[in-house]
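Below: the structure, in structure tokens.
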Amino acid sequence: MSESRYGNPATTRREALCLLGAGTAMLGLGTLPAFGETSSDEVLTEAGVLRDPEIPAAGNKDGDITIVEYFDYNCPYCRKLAPELAQVVFDDGKVRMIFKDWPILGPVSIYASKIALATKYQDKFAEAHEALMGTSSRLTESRIQELLANAKIDVDRAVKDASAHESDINTILKRNNDQAKAFGFNGTPAFIIGKFRVPGALTMAQFEQAIGDARKAAKK
């Protein structure tokens with residue numbers, strides 16, 4: 001995969017909102033449900049949340065901490081924090097980044113997610129994600145295709161792949177949606193940072209703090 005700006009340098013679901021001390025409480029962080037603890041939590045398996053094989057990883061693919069972002073391409077808050085999050089991931093060098101499409105803002109958001117996921121079949125998902133997040137205007141289908149073309153992505157192939165792999169892509173989107181709802185997220189952006197859940201945007205300093213806290217929690 002060609003480089004993008006991201007570079008390469010025990011509880012139940014009901015208890016998932018419990019806070020972890022002063023540092024994390026300031027960020028509104030909570031612990032994750034224990035992966036696979038009960039049959040009702042099958043949607044929140046560790047493999048499904050952190051290591052979905054159908055979603056390409058960005059950042060350091062062998063990183064010691066995984067950040068999962070549930071996002072919508074038409075979400076202005078997702079776009080606003082994208083460059084800062086990219087900088088944090090790049091500067092840290094040991095963060096594995098997973099972008100999970102959660103298109104909740106209408107049909108164009110769904111179209112954007114489907115065609116972006118289809119670009120993975122030409123090994124261009126990171127470039128597609130960056131292109132669609134990098135615009136300041138509201139997306140339309142024609143604007144989406146224009147942005148992808150400007151990022152040197154084969155749009156005709158992406159459209160064909162979106163159709164050819166429609167069932168697989170729909171399965172990914174349903175899985176992402178089920179996970180986001182199981183975590184109790186109400187909108188985008190929303191994050192999983194190591195063992196913490198973050199229902200909202202953070203500043204660069206808060207991301208750095210959350211990553212540090214996640215590393216400490218991983219050692220316990």
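Naming works like this for the structure tokens: A, B, ... for the chains as they're shown, residue 1 at the start of each chain, ligands 1 onward in shown order.
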
Practice item. Name the residues in contact with A:Val89 at a cut-off of 8 Å, using only C-alpha atoms, excluding same-chain residues fewer than 6 positions from it; report them as a list in words. Key: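 Using only C-alpha atoms, the neighbours found are Tyr6, Gly59, Val95, Arg96 and Met97 of chain A.
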
Check your understanding: Which parts of stretch 57-100 of chain A does DSSP call strand (DSSP E or B) when run on the backbone here, written out as a PyMOL selection string?
Key -> chain A and resi 57-59+65-71+95-100

Proximity check stretch 62-112 of chain A to stretch 174-180 of chain A, 10 Å, nearest pairs one decimal Å, only C-alpha atoms, as a tab-separated table:
residue	atom	partner	partner_atom	distance
A:Glu69	CA	A:Ala180	CA	9.8
A:Tyr70	CA	A:Ala180	CA	7.1
A:Phe71	CA	A:Asn176	CA	9.9
A:Phe99	CA	A:Asn176	CA	9.9
A:Lys100	CA	A:Asn176	CA	6.2
A:Asp101	CA	A:Asn176	CA	6.8
A:Trp102	CA	A:Asn177	CA	6.0
A:Pro103	CA	A:Asn177	CA	8.5
A:Ile104	CA	A:Asn177	CA	8.9

Practice item. Skip stretch 115-131 of chain A itself and residues of its chain fewer than 5 positions away, then list as a PyMOL selection string all residues within 9 Å of it, counting only C-alpha atoms. Key: chain A and resi 1-6+55-58+73+82+99+101+110+144-145+147-148+150-155+157-163+165-166+169

Saved selection, atoms kept: C-alpha atoms, as a PDB file, in the first residue's frame:
ATOM      1  CA  MET A   1       0.000   0.000   0.000  1.00  0.00           C
ATOM      2  CA  SER A   2       1.319   3.456  -0.831  1.00  0.00           C
ATOM      3  CA  GLU A   3       1.949   5.831   2.042  1.00  0.00           C
ATOM      4  CA  SER A   4      -0.673   8.211   3.404  1.00  0.00           C
ATOM      5  CA  ARG A   5      -0.219  10.924   5.999  1.00  0.00           C
ATOM      6  CA  TYR A   6      -0.663   8.270   8.696  1.00  0.00           C
ATOM      7  CA  ILE A  55     -10.582  -3.340   7.066  1.00  0.00           C
ATOM      8  CA  PRO A  56      -7.014  -2.290   6.152  1.00  0.00           C
ATOM      9  CA  ALA A  57      -4.944  -0.932   9.050  1.00  0.00           C
ATOM     10  CA  ALA A  58      -3.156   2.418   8.900  1.00  0.00           C
ATOM     11  CA  TYR A  73     -17.404  11.010   5.837  1.00  0.00           C
ATOM     12  CA  ALA A  82      -8.552  14.003  11.113  1.00  0.00           C
ATOM     13  CA  PHE A  99     -11.118   3.360  10.428  1.00  0.00           C
ATOM     14  CA  ASP A 101     -17.219   3.438   8.414  1.00  0.00           C
ATOM     15  CA  ILE A 110     -23.512   5.365   2.710  1.00  0.00           C
ATOM     16  CA  ILE A 144     -16.817  11.905  -4.054  1.00  0.00           C
ATOM     17  CA  GLN A 145     -15.765  10.585  -7.439  1.00  0.00           C
ATOM     18  CA  LEU A 147     -11.975  13.640  -4.933  1.00  0.00           C
ATOM     19  CA  LEU A 148     -11.029  10.019  -5.503  1.00  0.00           C
ATOM     20  CA  ASN A 150      -7.740  13.623  -7.799  1.00  0.00           C
ATOM     21  CA  ALA A 151      -6.133  11.137  -5.389  1.00  0.00           C
ATOM     22  CA  LYS A 152      -5.127   9.007  -8.411  1.00  0.00           C
ATOM     23  CA  ILE A 153      -7.658   6.301  -7.632  1.00  0.00           C
ATOM     24  CA  ASP A 154      -9.295   4.367 -10.472  1.00  0.00           C
ATOM     25  CA  VAL A 155     -12.876   5.497  -9.896  1.00  0.00           C
ATOM     26  CA  ARG A 157     -12.820   0.254 -10.968  1.00  0.00           C
ATOM     27  CA  ALA A 158     -13.963   1.367  -7.511  1.00  0.00           C
ATOM     28  CA  VAL A 159     -17.553   1.660  -8.740  1.00  0.00           C
ATOM     29  CA  LYS A 160     -17.361  -1.796 -10.329  1.00  0.00           C
ATOM     30  CA  ASP A 161     -15.776  -3.283  -7.211  1.00  0.00           C
ATOM     31  CA  ALA A 162     -18.452  -1.697  -5.016  1.00  0.00           C
ATOM     32  CA  SER A 163     -21.057  -3.508  -7.080  1.00  0.00           C
ATOM     33  CA  HIS A 165     -18.449  -6.915  -3.640  1.00  0.00           C
ATOM     34  CA  GLU A 166     -21.703  -5.342  -2.471  1.00  0.00           C
ATOM     35  CA  ILE A 169     -19.210  -4.394   1.949  1.00  0.00           C
TER      36      ILE A 169
END

Exercise for review: Extract, using only C-alpha atoms, all DNA, RNA and protein residues at most 12 Å from A:Asn74, discarding same-chain residues fewer than 5 positions from it, and format them as a PyMOL selection string.
Suggested key: chain A and resi 79-80+101-113+129+132-141+143-144+188-189

With N, CA and C atoms retained, export the selected residues as a compact mmCIF listing (two decimals), in the first residue's frame.
# COMPACT_ATOMS: atom_id res chain seq x y z
N ARG A 79 -13.93 15.28 10.24
CA ARG A 79 -12.99 15.95 9.33
C ARG A 79 -12.06 16.89 10.09
N LYS A 80 -12.62 17.61 11.05
CA LYS A 80 -11.83 18.59 11.78
C LYS A 80 -10.68 17.95 12.54
N ASP A 101 -16.13 2.65 8.98
CA ASP A 101 -17.22 3.44 8.41
C ASP A 101 -18.51 3.19 9.18
N TRP A 102 -19.11 4.28 9.63
CA TRP A 102 -20.41 4.22 10.31
C TRP A 102 -21.28 5.32 9.69
N PRO A 103 -21.79 5.10 8.48
CA PRO A 103 -22.50 6.15 7.73
C PRO A 103 -23.92 6.37 8.24
N ILE A 104 -24.06 7.33 9.14
CA ILE A 104 -25.35 7.58 9.80
C ILE A 104 -25.98 8.90 9.40
N LEU A 105 -25.36 9.59 8.43
CA LEU A 105 -25.85 10.93 8.07
C LEU A 105 -26.52 10.98 6.71
N GLY A 106 -27.01 9.84 6.24
CA GLY A 106 -27.79 9.86 5.02
C GLY A 106 -27.22 9.02 3.89
N PRO A 107 -27.95 8.97 2.77
CA PRO A 107 -27.58 8.13 1.63
C PRO A 107 -26.22 8.44 1.03
N VAL A 108 -25.83 9.72 0.99
CA VAL A 108 -24.52 10.05 0.42
C VAL A 108 -23.40 9.51 1.31
N SER A 109 -23.60 9.54 2.60
CA SER A 109 -22.62 8.97 3.51
C SER A 109 -22.45 7.48 3.26
N ILE A 110 -23.57 6.80 3.01
CA ILE A 110 -23.51 5.36 2.71
C ILE A 110 -22.76 5.13 1.41
N TYR A 111 -23.06 5.95 0.40
CA TYR A 111 -22.35 5.82 -0.88
C TYR A 111 -20.85 6.03 -0.69
N ALA A 112 -20.49 7.05 0.07
CA ALA A 112 -19.07 7.35 0.31
C ALA A 112 -18.38 6.16 0.98
N SER A 113 -19.03 5.58 1.99
CA SER A 113 -18.44 4.45 2.69
C SER A 113 -18.27 3.25 1.76
N HIS A 129 -9.65 7.29 1.98
CA HIS A 129 -10.08 7.84 3.27
C HIS A 129 -9.56 9.26 3.45
N LEU A 132 -11.39 11.80 1.08
CA LEU A 132 -12.76 12.14 1.45
C LEU A 132 -12.82 12.91 2.76
N MET A 133 -11.87 12.68 3.64
CA MET A 133 -11.81 13.43 4.90
C MET A 133 -11.21 14.81 4.71
N GLY A 134 -10.48 15.00 3.62
CA GLY A 134 -9.74 16.25 3.45
C GLY A 134 -10.51 17.39 2.82
N THR A 135 -11.77 17.16 2.47
CA THR A 135 -12.55 18.23 1.85
C THR A 135 -13.33 19.00 2.91
N SER A 136 -13.62 20.26 2.61
CA SER A 136 -14.37 21.09 3.56
C SER A 136 -15.84 21.21 3.16
N SER A 137 -16.19 20.74 1.99
CA SER A 137 -17.56 20.87 1.50
C SER A 137 -18.35 19.59 1.76
N ARG A 138 -19.68 19.73 1.77
CA ARG A 138 -20.51 18.55 1.93
C ARG A 138 -20.39 17.68 0.69
N LEU A 139 -20.35 16.40 0.93
CA LEU A 139 -20.12 15.46 -0.17
C LEU A 139 -21.39 15.21 -0.98
N THR A 140 -21.19 15.01 -2.27
CA THR A 140 -22.21 14.49 -3.17
C THR A 140 -21.56 13.32 -3.91
N GLU A 141 -22.34 12.54 -4.63
CA GLU A 141 -21.75 11.40 -5.34
C GLU A 141 -20.72 11.87 -6.37
N ARG A 143 -19.00 14.67 -6.30
CA ARG A 143 -17.84 15.24 -5.59
C ARG A 143 -16.96 14.11 -5.04
N ILE A 144 -17.57 13.05 -4.56
CA ILE A 144 -16.82 11.91 -4.05
C ILE A 144 -15.94 11.33 -5.16
N THR A 188 -20.95 10.28 15.63
CA THR A 188 -19.55 10.28 15.21
C THR A 188 -18.90 11.61 15.52
N PRO A 189 -17.57 11.60 15.75
CA PRO A 189 -16.71 10.43 15.83
C PRO A 189 -16.82 9.75 17.18

Practice item. Could you give me the residues within stretch 48-175 of chain A that DSSP places in helix (DSSP H, G or I), as a VMD selection string? Key: chain A and resid 48 to 50 76 to 92 107 to 122 125 to 133 141 to 150 155 to 164 166 to 175

Check your understanding: Between atom CA of A:Asp156 and atom CA of A:Asp168, what is the distance, to one decimal in Å?
Key ->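 Separation between atom CA of A:Asp156 and atom CA of A:Asp168: 18.8 Å.
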
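Each of A:Gln87, A:Gly63, A:Cys75, A:Asn170 was compared to A:Ala205 using only C-alpha atoms, and A:Gln87 turns out to be the nearest.
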
Residues of stretch 127-197 of chain A within 12 Å of stretch 216-219 of chain A: nearest atom pair and distance (Å, one decimal) for each, counting only C-alpha atoms, sorted by chain and number, as a Markdown table?
| residue | atom | partner | partner_atom | distance |
| --- | --- | --- | --- | --- |
| A:Ile193 | CA | A:Ala217 | CA | 10.8 |
| A:Gly194 | CA | A:Ala218 | CA | 7.5 |
| A:Lys195 | CA | A:Ala217 | CA | 7.1 |
| A:Phe196 | CA | A:Ala217 | CA | 9.1 |

Review point. Could you work out how far atom CA of A:Asn60 lies from atom CA of A:Gly200, giving the answer in Å with one decimal?
Key: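 Distance between the two atoms: 23.2 Å.
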